[in-house]
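Asks: Quick one: this structure, given as structure tokens, is what I'll be asking you about.
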Amino acid sequence: MRLGKTKGWLRGPATVGIGRFRRFVAYFDWPLFATIALILVIGLVNLYSATFRIAAAQGAPDHSGKFDAQITWVCLGIVLYLGMTVLDYRNLTRIAWLALGATVIMVVAVLILGHTAKGAQRWLGFGFFRVQPSELVKIAVILAMARMVHDRDDDTMSVKQQVIRWAAVVAPVLLVAAQPDLGSAVLIYLLILSIGYLAMSNLWPILIGHVVSIATLPILWDYMHDYQKNRVLAFLDPSNDPTGNGWHTRQSIFAIGSGRIIGKGFMEGTQNQFSFLPEQWTDFPFSVWGEEWGFIGALVLLILYGFLIFWIVNVALSARDRFGATICLGVAALVFWHTVVNICMVLGLAPVVGVTLPLVSYGGSSILTFFIALGLVSSVSMRRHVG
Amino acid sequence: MLIRSAPGTGPALPELHHRLRWLLVVVAVAFLILVGRLWQLQVVRGDQYLEEALSNVVQKRFISSVRGKILDRAGRPLATNRPAFNIYVSPDHFADAVPELVRLLGLSADEQAEMQDNMDDARKRRARAPVLLLSDQGAERVTLVEQASYRMPGVGVRYVPYRDYPYGSLASHVIGYMNKMQPKEYEKYRPLGYDEDELIGRDGIESKLENELRGKKGEERFVVNARGQRVEGAEATRLIDGPAFTEPVAGHDVVLTLDLELQKAAERAVRNLPAAGVVVVEVRTGRILAMVSKPSPDSNIMTGRLTAARKAELDADPRQPFVDKTLQQHYPPGSVYKFVTAIAGLDDDVITPDEIQTCPGSYEVSRQVFHCTSAHGKMDMRHALQRSCNVYFWKLAEKVGMDRMADVAFDFGFGHPTGLGLNGDLPGRVPTKDWYRQHGDSRIGNTLNMATGQGDVEVTVVQVAMAYAALANGGDLYVPQIIRQVQDGSGEVLFSYAPKLRHHVHASPEALQVVHEGMDMVVNQPGGTAYKYARSDFVHFAGKTGTAEVRGRRHRRNVDIDGWHPYGNHAWFVGYAPAEDPEIAVAVLVEHGGHGGKVAAPVARDIFEAYFRDVKPAYDKAMAEKKGAAK
């Protein structure tokens, strides 16, 4: 069955005789949505606490502008999620490479603007609206790799074409690393690796890529900024910490550890409330959560993420086509690596690199990226039921 | 089964199904690591991290108590407090704040080194609270720091009372000084509530009465944020367990028996001598009115301002400025010890005071010839004391014997600590036959040496002063007293110390009278060893000179500090006045000073004159006024 031939949405024998809305309600992936909603609620509760102090310092009565902004992003995100659900993901096979091309151009634009501004640049402004292309590029990479998996039976593809495709997929890793946004670069790299190992029938390109990237690591080190090197060094040897990078990790560990089993309670975390946690709303929300809700709260959040990943993999296994299955796999990998890297960093198991916690960290680009990604899964999930 | 396939068809992505095992292993291992780490941090080490997190926000600050003053007998301060400012820097800001401070204040190399030491200490003990980097800064510097505080986060200024000694080196061995604790000492004192950079009393009264003077420091606990700024409000104070503020309790004042004016006079009397010890004691109470040990370091410099260079200089001084020469150093008494031989002879009836002996200038015992200072010719006991004839006392010693002389010496307090309990209070040494047997050296020469206070006899200046006070008051040997009372800040007396009698000596009044007459003649009749040099028209005083030879002089390194040679004789004069009804006794030792009459006796005379001319009238008048005011 060629997916491209299906026109319109939800056309098929199973849909006959049922109203669109009722069909939607019947086939909508409620467990997925419920899990997302629970994580979102935790994220908002946590953000309220994490930003409360700043709000008080700025004279606002209750919560800060960050909380309001996050609510806006979440609402917009849910709209996007539903939009992606309604949209037939199979249409995306055609625009997968286009999407990758567009986002790579945005990354390059950021790189050039950043170069002229003489500093790290991660944002691209569109008038009132700023996006972080390094987030969007992750979705484009997932789509492009799904397309590669989709096209694998195409015998007409030459080796040259294969190489060009791989190069296009790997290019964002280097471009994002050059921004420099080491966290996103590592994330995209892990994403490619995960999809490659799990979905590709031919593992050679991935193995070769792996060897090459490890071999080029020392060269990459030379290109890294001093602050990045210091972060890595501080992680490897916390006692040798001239610039105080270990301080953040130490404070984060104090925060989580001091939460003990049941936590200090909502808005009671001293590490959070007295600003001992760095960027507690973007990179360290898990410290705030662990401090205020303890081991039990942390476990609940981990179980939710675990279930989310399990559920997405489940969708992948039962997807009706390779393209959809690979998309789900990619999104599962995206959620998994974001969660694990962020929490490892917060628990002192990984160097501090700016990787967000899915659906919990503050920030429009991150929230919207995850909503789009999970919307794709929802779309795939719903179309499992149509013949 | 949750994992389902699409109906009808096989799995869309068979590779995924084949490799699912790997996916599950990776995800499970990753989540298990996270949960394990959370368990370790939150459950196993949770309490420890809670403490760490709390100590992040709740910081302690000690509020120094005001240390008690040290006063002289009339209430004049010898040690007091003045306001000082300390500069503290929080350890997180060492790197940025310290270079800024150096630039702002134009710190000298010494000050920078001190600051570096303090920072190293702080790093060693992993300090988190602000660390004292510069102590006792002037108001000008403090103003500079406070003006620049907006660009120097983590730098704070604290007002503390700082120890001040208005007279510097005056009586500094008695008063003592203060300095920082060594890290090991701090371990010992921390349970007693000492702060890391608190100063502690050293030497003298500062050390002995540390617990009375110190008071009890207060404590303030407050909440800070990550930038070290204080956070106020109910939410913040809720984190503080227990009271946030404990008032400090001021230390008690200590009133000494010293008289500031007499102390000044005594120090003036030895101003031209390189090394000396002087003790002035009230003969009827045992109270010490003045106590000088020279050279004496300035207590103000010793208290926190002793540079390494200055310390090395003091340590290298062969006169040992840190040793209290009235209590911590033994000396041979020389002829001032002869009264012991005289009393032993008289009370044993081996001699009468009027019995005439002849001094040919030397004395031969078992083929050893002992030389006298000159050929004194015929004389009785009084004249023997007056001229300090060695031959007379050698002959007498042979009749009396060593142990009998030792009995009398012990009776007058030699050979045991005086009981003052300050600065070591050495026991001295009165050798007996037993002692010599133990040390394998019993010869007749030892007995002769003992008669004239040489050989193995060793005393402290305070012991001699107390013995002469007993001679002067008719035989009451007192425990010397330096602390008169301890009182609180308002003058309310908490403890008062009465004069304490050690015992009444066994010497007969007749014997004491003969010795007294001889000592009167030493000063007041031509031919006396002090007559030429020290007789005073203003005060009628009696006393005994001594010129004690230093043992092992050949082995001593030759140095010369203002006439001070390590092999020179020690010059002694010990006396009391007024001779007819003694009130005070004065013991003067001039270390390696030479002839007792020539060098030490004039010092005693100056002190006697100052006492009876100025000090006593002023004190009596002040006391009378006080009494009048009280009525």
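Convention: chains lettered A, B, ... in structure tokens order; per-chain residue numbering from 1; ligands numbered from 1 as shown.
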Fewer than 2 positions away in the same chain doesn't count, so skip those; otherwise give me all residues within 10 Å of segment 310-318 of chain A, counting only C-alpha atoms, as a count of residues only.
Replies: 51
Asks: If we count only C-alpha atoms, what is near Asn56 of chain B at a cut-off of 10 Å, once residues fewer than 5 positions away on the same chain are taken out, given as a VMD selection string?
Replies: (chain A and resid 251 254 270 to 271 274 276) or (chain B and resid 50 to 51 128 to 129 223 to 226 228)
Asks: Write the selection just made, keeping N, CA and C atoms, as a PDB file, in the first residue's frame?
Replies:
ATOM      1  N   GLN A 251      24.336  22.884  44.215  1.00  0.00           N
ATOM      2  CA  GLN A 251      23.111  23.470  44.759  1.00  0.00           C
ATOM      3  C   GLN A 251      21.894  22.660  44.337  1.00  0.00           C
ATOM      4  N   PHE A 254      21.808  19.619  46.505  1.00  0.00           N
ATOM      5  CA  PHE A 254      21.308  19.995  47.841  1.00  0.00           C
ATOM      6  C   PHE A 254      19.786  20.126  47.801  1.00  0.00           C
ATOM      7  N   THR A 270      13.547  25.943  49.993  1.00  0.00           N
ATOM      8  CA  THR A 270      14.411  27.097  50.261  1.00  0.00           C
ATOM      9  C   THR A 270      15.421  27.290  49.147  1.00  0.00           C
ATOM     10  N   GLN A 271      15.907  26.189  48.579  1.00  0.00           N
ATOM     11  CA  GLN A 271      16.888  26.303  47.495  1.00  0.00           C
ATOM     12  C   GLN A 271      16.254  27.030  46.309  1.00  0.00           C
ATOM     13  N   PHE A 274      14.985  30.856  47.550  1.00  0.00           N
ATOM     14  CA  PHE A 274      16.042  31.814  47.850  1.00  0.00           C
ATOM     15  C   PHE A 274      17.096  31.848  46.742  1.00  0.00           C
ATOM     16  N   PHE A 276      18.900  29.725  45.059  1.00  0.00           N
ATOM     17  CA  PHE A 276      20.144  28.982  45.022  1.00  0.00           C
ATOM     18  C   PHE A 276      20.223  28.089  43.782  1.00  0.00           C
TER      19      PHE A 276
ATOM     20  N   LEU B  50      19.597  18.182  53.613  1.00  0.00           N
ATOM     21  CA  LEU B  50      18.670  19.144  54.215  1.00  0.00           C
ATOM     22  C   LEU B  50      19.455  20.128  55.080  1.00  0.00           C
ATOM     23  N   GLU B  51      20.420  19.580  55.808  1.00  0.00           N
ATOM     24  CA  GLU B  51      21.256  20.432  56.637  1.00  0.00           C
ATOM     25  C   GLU B  51      22.043  21.423  55.780  1.00  0.00           C
ATOM     26  N   ARG B 128      31.799  28.618  54.759  1.00  0.00           N
ATOM     27  CA  ARG B 128      30.728  29.089  53.884  1.00  0.00           C
ATOM     28  C   ARG B 128      30.229  30.449  54.334  1.00  0.00           C
ATOM     29  N   ALA B 129      30.287  30.669  55.626  1.00  0.00           N
ATOM     30  CA  ALA B 129      29.877  31.973  56.142  1.00  0.00           C
ATOM     31  C   ALA B 129      30.979  32.980  55.807  1.00  0.00           C
ATOM     32  N   VAL B 223      18.351  34.897  57.546  1.00  0.00           N
ATOM     33  CA  VAL B 223      18.160  34.170  56.297  1.00  0.00           C
ATOM     34  C   VAL B 223      18.749  34.984  55.145  1.00  0.00           C
ATOM     35  N   VAL B 224      19.507  34.299  54.297  1.00  0.00           N
ATOM     36  CA  VAL B 224      20.075  34.983  53.131  1.00  0.00           C
ATOM     37  C   VAL B 224      19.674  34.247  51.864  1.00  0.00           C
ATOM     38  N   ASN B 225      19.704  34.962  50.761  1.00  0.00           N
ATOM     39  CA  ASN B 225      19.464  34.311  49.472  1.00  0.00           C
ATOM     40  C   ASN B 225      20.803  33.953  48.841  1.00  0.00           C
ATOM     41  N   ALA B 226      20.767  33.488  47.591  1.00  0.00           N
ATOM     42  CA  ALA B 226      21.988  32.994  46.954  1.00  0.00           C
ATOM     43  C   ALA B 226      23.017  34.101  46.779  1.00  0.00           C
ATOM     44  N   GLY B 228      23.689  36.268  48.932  1.00  0.00           N
ATOM     45  CA  GLY B 228      24.183  36.656  50.241  1.00  0.00           C
ATOM     46  C   GLY B 228      23.423  37.828  50.836  1.00  0.00           C
TER      47      GLY B 228
END
Asks: Please indicate the distance in Å from atom CA of Ser293 of chain B to atom CA of Asn423 of chain B, rounded to one decimal place.
Replies: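 These two atoms are separated by 11.6 Å.
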Asks: Identify, on the basis of only C-alpha atoms, every residue whose closest approach to Val66 of chain B does not exceed 10 Å; exclude the query and any residue fewer than 4 positions from it along the same chain; express the result as a tab-separated table (two decimals) with N, CA and C atoms, in the first residue's frame.
Replies:
chain	number	residue	atom	x	y	z
B	80	THR	N	41.37	47.74	78.10
B	80	THR	CA	39.99	48.16	77.86
B	80	THR	C	39.63	47.84	76.41
B	81	ASN	N	38.55	48.39	75.91
B	81	ASN	CA	38.12	48.09	74.54
B	81	ASN	C	37.88	49.37	73.78
B	82	ARG	N	38.16	49.31	72.49
B	82	ARG	CA	37.86	50.45	71.65
B	82	ARG	C	37.11	49.93	70.43
B	160	VAL	N	33.26	45.68	65.77
B	160	VAL	CA	33.56	44.82	66.92
B	160	VAL	C	34.34	45.61	67.96
B	161	PRO	N	34.10	45.33	69.23
B	161	PRO	CA	34.97	45.94	70.23
B	161	PRO	C	36.34	45.27	70.16
B	162	TYR	N	37.38	46.07	70.15
B	162	TYR	CA	38.72	45.52	69.99
B	162	TYR	C	39.53	45.83	71.25
B	163	ARG	N	40.36	44.87	71.68
B	163	ARG	CA	41.11	45.03	72.92
B	163	ARG	C	42.13	46.17	72.77
B	213	LEU	N	36.62	37.37	82.02
B	213	LEU	CA	36.69	38.57	81.17
B	213	LEU	C	35.83	38.42	79.93
B	214	ARG	N	35.70	37.20	79.45
B	214	ARG	CA	35.16	36.97	78.12
B	214	ARG	C	33.68	37.31	77.99
B	215	GLY	N	32.93	36.99	79.05
B	215	GLY	CA	31.49	37.19	78.93
B	215	GLY	C	30.90	36.12	78.05
B	216	LYS	N	29.69	36.37	77.56
B	216	LYS	CA	29.04	35.36	76.74
B	216	LYS	C	28.57	36.05	75.49
B	217	LYS	N	29.03	35.54	74.37
B	217	LYS	CA	28.68	36.27	73.15
B	217	LYS	C	27.26	35.96	72.73
B	248	PRO	N	24.25	39.39	73.76
B	248	PRO	CA	25.53	39.06	74.39
B	248	PRO	C	25.55	39.53	75.86
B	249	VAL	N	26.32	38.87	76.65
B	249	VAL	CA	26.49	39.27	78.05
B	249	VAL	C	27.92	39.77	78.21
B	250	ALA	N	28.06	40.97	78.74
B	250	ALA	CA	29.39	41.56	78.86
B	250	ALA	C	30.22	40.79	79.87
B	251	GLY	N	31.53	40.80	79.66
B	251	GLY	CA	32.44	40.13	80.58
B	251	GLY	C	32.60	40.92	81.87
B	252	HIS	N	33.20	40.27	82.86
B	252	HIS	CA	33.41	40.93	84.15
B	252	HIS	C	34.72	41.72	84.15
B	489	GLY	N	30.07	45.16	85.21
B	489	GLY	CA	30.25	46.46	84.58
B	489	GLY	C	29.80	47.64	85.42
Asks: For segment 324-332 of chain B, find every residue with an atom within 10 Å (counting only C-alpha atoms), except residues of its own chain fewer than 5 positions away, and show them as a compact mmCIF listing (two decimals) with C-alpha atoms, in the first residue's frame.
Replies:
# COMPACT_ATOMS: atom_id res chain seq x y z
CA SER B 172 52.41 43.62 79.83
CA HIS B 173 53.53 40.33 81.37
CA VAL B 174 50.99 40.71 84.16
CA ASP B 203 49.59 35.23 79.20
CA GLY B 204 49.00 37.02 82.45
CA ALA B 275 66.69 43.50 81.31
CA ALA B 276 65.21 43.48 84.78
CA GLY B 277 62.53 42.10 87.05
CA VAL B 278 60.92 44.17 89.80
CA VAL B 279 58.26 43.23 92.33
CA MET B 291 55.48 44.03 88.81
CA VAL B 292 57.93 44.70 86.03
CA SER B 293 59.56 42.29 83.63
CA LYS B 294 61.80 43.91 81.11
CA PRO B 295 61.99 43.73 78.12
CA SER B 296 58.26 43.53 77.65
CA ARG B 319 66.93 38.49 76.61
CA TYR B 337 69.96 34.84 100.49
CA PRO B 417 55.65 28.00 93.97
CA THR B 418 54.41 31.12 95.70
CA LEU B 420 50.24 33.42 92.72
CA GLY B 421 49.21 31.10 89.92
CA LEU B 422 50.25 33.42 87.13
CA ASN B 423 52.68 32.92 84.24
CA GLY B 424 54.08 29.62 85.43
CA ASP B 425 55.06 30.63 88.97
CA LEU B 426 58.22 28.49 89.10
CA PRO B 427 59.14 26.73 92.36
CA GLY B 428 62.82 27.58 92.42
CA ARG B 429 65.25 25.20 94.06
CA MET B 450 74.37 27.70 99.63
CA THR B 452 75.77 32.86 99.94
CA GLY B 453 72.95 32.00 97.58
CA GLN B 454 75.14 30.52 94.87
CA GLY B 455 75.64 27.07 93.46
CA ASP B 456 72.40 25.20 93.00
CA VAL B 457 70.14 27.64 94.83
CA GLU B 458 67.57 29.13 92.51
CA VAL B 459 64.78 31.55 93.25
CA THR B 460 62.27 33.76 91.49
CA VAL B 461 61.98 37.47 92.08
CA VAL B 462 58.49 37.09 93.53
CA GLN B 463 59.75 34.49 96.05
CA VAL B 464 62.46 36.87 97.26
CA ALA B 465 59.98 39.73 97.54
CA GLY B 546 73.32 40.73 95.99
CA THR B 547 75.72 40.19 93.14
CA ALA B 548 75.02 36.68 91.91
CA GLU B 549 77.52 34.92 89.74
CA VAL B 550 76.22 33.21 86.64
CA ARG B 551 77.06 29.55 86.28
CA ASN B 569 76.62 38.93 87.28
CA HIS B 570 73.02 39.42 88.23
CA TRP B 572 70.01 42.19 93.21
CA ALA B 587 62.72 43.18 95.03
CA VAL B 588 64.88 44.30 92.12
CA LEU B 589 66.78 41.98 89.85
CA VAL B 590 68.85 43.46 87.08
CA GLU B 591 69.69 40.60 84.77
Asks: Tell me which protein, DNA and RNA residues are within 6 Å of Gly218 of chain B, counting only C-alpha atoms, leaving out same-chain ones fewer than 4 positions away, and put them as a list of chain:residue names.
Replies: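 Skipping anything fewer than 4 positions along the chain leaves B:Phe62, B:Ile63, B:Thr246, B:Glu247, B:Pro248.
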Asks: Write the residues of the preceding selection, restricted to N, CA and C atoms, as a short mmCIF file (atom, residue, chain, number, x, y, z; two decimals), in the first residue's frame.
Replies:
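Once written, result00.cif looks like this:
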data_model
loop_
_atom_site.label_atom_id
_atom_site.label_comp_id
_atom_site.auth_asym_id
_atom_site.auth_seq_id
_atom_site.Cartn_x
_atom_site.Cartn_y
_atom_site.Cartn_z
N PHE B 62 27.94 35.79 65.09
CA PHE B 62 28.14 35.99 66.52
C PHE B 62 28.22 37.47 66.82
N ILE B 63 27.63 37.85 67.91
CA ILE B 63 27.73 39.24 68.33
C ILE B 63 28.67 39.24 69.51
N THR B 246 20.14 36.30 70.30
CA THR B 246 20.50 36.12 71.71
C THR B 246 21.42 37.27 72.09
N GLU B 247 21.05 37.97 73.12
CA GLU B 247 21.84 39.12 73.56
C GLU B 247 23.19 38.67 74.09
N PRO B 248 24.25 39.39 73.76
CA PRO B 248 25.53 39.06 74.39
C PRO B 248 25.55 39.53 75.86
#
Asks: Got a sec: who's within 7 Å of segment 112-118 of chain B, counting only C-alpha atoms, leaving out chain neighbours fewer than 4 positions off, as a ChimeraX atom specification?
Replies: /B:107-108,122,133-134
Asks: Mind listing the helix (DSSP H, G or I) residues of segment 106-302 of chain A, per DSSP on the backbone, as a PyMOL selection string?
Replies: chain A and resi 106-116+133-150+159-177+182-199+204-215+217-223+226-236+245-258+270-273+285-302
Asks: Could you turn the residues from that selection into a file that holds C-alpha atoms, as a short mmCIF file (atom, residue, chain, number, x, y, z; two decimals), in the first residue's frame?
Replies:
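Writing done, so here's out_35.cif:
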data_model
loop_
_atom_site.label_atom_id
_atom_site.label_comp_id
_atom_site.auth_asym_id
_atom_site.auth_seq_id
_atom_site.Cartn_x
_atom_site.Cartn_y
_atom_site.Cartn_z
CA MET A 106 16.77 28.97 9.96
CA VAL A 107 19.67 27.46 11.93
CA VAL A 108 22.13 28.93 9.43
CA ALA A 109 20.36 32.30 9.68
CA VAL A 110 20.76 32.20 13.46
CA LEU A 111 24.38 31.29 13.01
CA ILE A 112 25.02 34.27 10.75
CA LEU A 113 23.10 36.70 12.96
CA GLY A 114 24.88 35.28 15.99
CA HIS A 115 28.20 35.72 14.29
CA THR A 116 27.49 39.37 13.60
CA PRO A 133 15.29 26.81 15.33
CA SER A 134 17.43 24.28 17.19
CA GLU A 135 14.20 22.96 18.75
CA LEU A 136 12.21 22.84 15.51
CA VAL A 137 15.05 21.15 13.67
CA LYS A 138 14.60 18.11 15.90
CA ILE A 139 11.14 17.50 14.45
CA ALA A 140 12.46 18.01 10.93
CA VAL A 141 15.19 15.44 11.58
CA ILE A 142 12.62 12.93 12.83
CA LEU A 143 10.48 13.49 9.72
CA ALA A 144 13.46 13.23 7.38
CA MET A 145 14.63 9.98 8.94
CA ALA A 146 11.08 8.62 8.83
CA ARG A 147 11.07 9.47 5.17
CA MET A 148 14.37 7.60 4.73
CA VAL A 149 12.86 4.54 6.38
CA HIS A 150 9.75 4.99 4.26
CA VAL A 159 24.74 5.49 -3.27
CA LYS A 160 25.39 9.15 -4.00
CA GLN A 161 21.78 10.01 -3.18
CA GLN A 162 22.01 7.97 0.03
CA VAL A 163 25.09 9.84 1.10
CA ILE A 164 23.48 13.21 0.35
CA ARG A 165 20.46 12.25 2.48
CA TRP A 166 22.62 11.21 5.41
CA ALA A 167 24.63 14.38 5.11
CA ALA A 168 21.42 16.44 5.20
CA VAL A 169 20.30 14.65 8.36
CA VAL A 170 23.65 15.03 10.11
CA ALA A 171 24.21 18.66 9.07
CA PRO A 172 21.96 20.11 11.84
CA VAL A 173 24.12 18.45 14.52
CA LEU A 174 27.18 20.39 13.41
CA LEU A 175 25.30 23.60 12.69
CA VAL A 176 23.58 23.61 16.06
CA ALA A 177 26.84 22.75 17.81
CA LEU A 182 25.93 21.88 22.70
CA GLY A 183 22.90 20.43 24.46
CA SER A 184 20.70 20.48 21.36
CA ALA A 185 23.52 19.17 19.19
CA VAL A 186 24.04 16.19 21.50
CA LEU A 187 20.28 15.67 21.59
CA ILE A 188 19.94 15.62 17.78
CA TYR A 189 22.91 13.28 17.57
CA LEU A 190 21.29 10.89 20.04
CA LEU A 191 18.04 11.18 18.11
CA ILE A 192 19.65 10.16 14.82
CA LEU A 193 21.45 7.32 16.59
CA SER A 194 18.28 6.02 18.25
CA ILE A 195 16.15 6.10 15.10
CA GLY A 196 18.96 4.60 13.11
CA TYR A 197 19.55 1.68 15.46
CA LEU A 198 15.88 0.90 15.94
CA ALA A 199 14.31 1.52 12.52
CA TRP A 204 26.18 0.32 8.51
CA PRO A 205 25.60 4.04 7.97
CA ILE A 206 24.86 4.47 11.67
CA LEU A 207 27.90 2.46 12.78
CA ILE A 208 30.17 4.39 10.42
CA GLY A 209 28.66 7.67 11.58
CA HIS A 210 29.27 6.68 15.17
CA VAL A 211 32.92 5.89 14.60
CA VAL A 212 33.46 9.08 12.63
CA SER A 213 31.81 11.26 15.28
CA ILE A 214 33.87 9.75 18.08
CA ALA A 215 37.00 10.26 16.02
CA LEU A 217 35.40 14.58 19.12
CA PRO A 218 38.88 16.01 19.87
CA ILE A 219 38.47 18.42 16.95
CA LEU A 220 35.10 19.46 18.28
CA TRP A 221 36.73 20.08 21.68
CA ASP A 222 39.03 22.63 20.07
CA TYR A 223 36.06 24.51 18.68
CA ASP A 226 35.77 28.03 27.21
CA TYR A 227 32.59 28.11 29.25
CA GLN A 228 31.49 24.86 27.65
CA LYS A 229 34.84 23.23 28.31
CA ASN A 230 34.69 24.40 31.90
CA ARG A 231 31.26 22.87 32.34
CA VAL A 232 32.48 19.52 31.08
CA LEU A 233 35.65 19.71 33.16
CA ALA A 234 33.71 20.71 36.26
CA PHE A 235 31.52 17.68 35.76
CA LEU A 236 34.42 15.32 35.29
CA ASN A 245 30.32 25.54 37.39
CA GLY A 246 30.17 22.77 39.96
CA TRP A 247 28.35 25.19 42.24
CA HIS A 248 25.14 24.91 40.19
CA THR A 249 25.21 21.14 40.30
CA ARG A 250 26.00 21.14 44.02
CA GLN A 251 23.11 23.47 44.76
CA SER A 252 20.82 21.34 42.62
CA ILE A 253 21.86 18.21 44.52
CA PHE A 254 21.31 19.99 47.84
CA ALA A 255 17.86 20.99 46.63
CA ILE A 256 16.80 17.52 45.54
CA GLY A 257 18.44 15.74 48.46
CA SER A 258 16.93 18.09 51.01
CA THR A 270 14.41 27.10 50.26
CA GLN A 271 16.89 26.30 47.50
CA ASN A 272 14.26 27.36 44.99
CA GLN A 273 12.72 30.27 46.84
CA PRO A 285 12.68 22.57 37.14
CA PHE A 286 13.26 19.00 38.29
CA SER A 287 15.34 20.29 41.24
CA VAL A 288 12.46 22.48 42.30
CA TRP A 289 10.04 19.56 41.95
CA GLY A 290 12.35 17.18 43.83
CA GLU A 291 12.88 19.69 46.62
CA GLU A 292 9.23 20.53 47.12
CA TRP A 293 7.66 17.11 46.48
CA GLY A 294 10.44 14.76 47.55
CA PHE A 295 11.28 11.27 46.35
CA ILE A 296 7.61 10.44 45.93
CA GLY A 297 6.95 13.45 43.71
CA ALA A 298 10.06 12.77 41.65
CA LEU A 299 9.04 9.14 41.25
CA VAL A 300 5.54 10.14 40.10
CA LEU A 301 7.00 12.42 37.44
CA LEU A 302 9.45 9.74 36.32
#
Asks: Could you give me, as JSON, numbers by chain, the residues within 12 Å of Gly233 of chain B, counting only C-alpha atoms and dropping anything in the same chain fewer than 4 positions from it?
Replies: {"B": [222, 223, 224, 237, 238, 239, 240]}
Asks: Please save N, CA and C atoms of the selected residues as an mmCIF file, in the first residue's frame.
Replies:
data_model
loop_
_atom_site.group_PDB
_atom_site.id
_atom_site.type_symbol
_atom_site.label_atom_id
_atom_site.label_comp_id
_atom_site.auth_asym_id
_atom_site.auth_seq_id
_atom_site.Cartn_x
_atom_site.Cartn_y
_atom_site.Cartn_z
ATOM 1 N N PHE B 222 20.044 34.556 60.721
ATOM 2 C CA PHE B 222 19.234 35.258 59.728
ATOM 3 C C PHE B 222 19.255 34.487 58.423
ATOM 4 N N VAL B 223 18.351 34.897 57.546
ATOM 5 C CA VAL B 223 18.160 34.170 56.297
ATOM 6 C C VAL B 223 18.749 34.984 55.145
ATOM 7 N N VAL B 224 19.507 34.299 54.297
ATOM 8 C CA VAL B 224 20.075 34.983 53.131
ATOM 9 C C VAL B 224 19.674 34.247 51.864
ATOM 10 N N THR B 237 11.877 34.111 58.452
ATOM 11 C CA THR B 237 12.173 33.836 59.856
ATOM 12 C C THR B 237 11.614 32.485 60.292
ATOM 13 N N ARG B 238 10.632 31.990 59.564
ATOM 14 C CA ARG B 238 10.068 30.689 59.881
ATOM 15 C C ARG B 238 11.129 29.583 59.767
ATOM 16 N N LEU B 239 12.116 29.814 58.890
ATOM 17 C CA LEU B 239 13.150 28.805 58.671
ATOM 18 C C LEU B 239 14.111 28.706 59.847
ATOM 19 N N ILE B 240 14.118 29.759 60.678
ATOM 20 C CA ILE B 240 15.063 29.770 61.795
ATOM 21 C C ILE B 240 14.466 28.984 62.945
#
Asks: In Å, how far is it from atom CA of Gly334 of chain B to atom CA of Ala610 of chain B?
Replies: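 These atoms are spaced 26.8 Å apart.
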Asks: Among segment 227-417 of chain B, which ones does DSSP place in strand (DSSP E), written as a VMD selection string?
Replies: chain B and resid 230 to 231 245 to 246 253 to 256 276 to 282 288 to 294 357 to 359 362 to 365 368 to 371 377 to 379
Asks: Could you tell me how far atom CA of Gln59 of chain B lies from atom CA of Leu132 of chain B, in Å and to one decimal?
Replies: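 Interatomic distance here is 15.0 Å.
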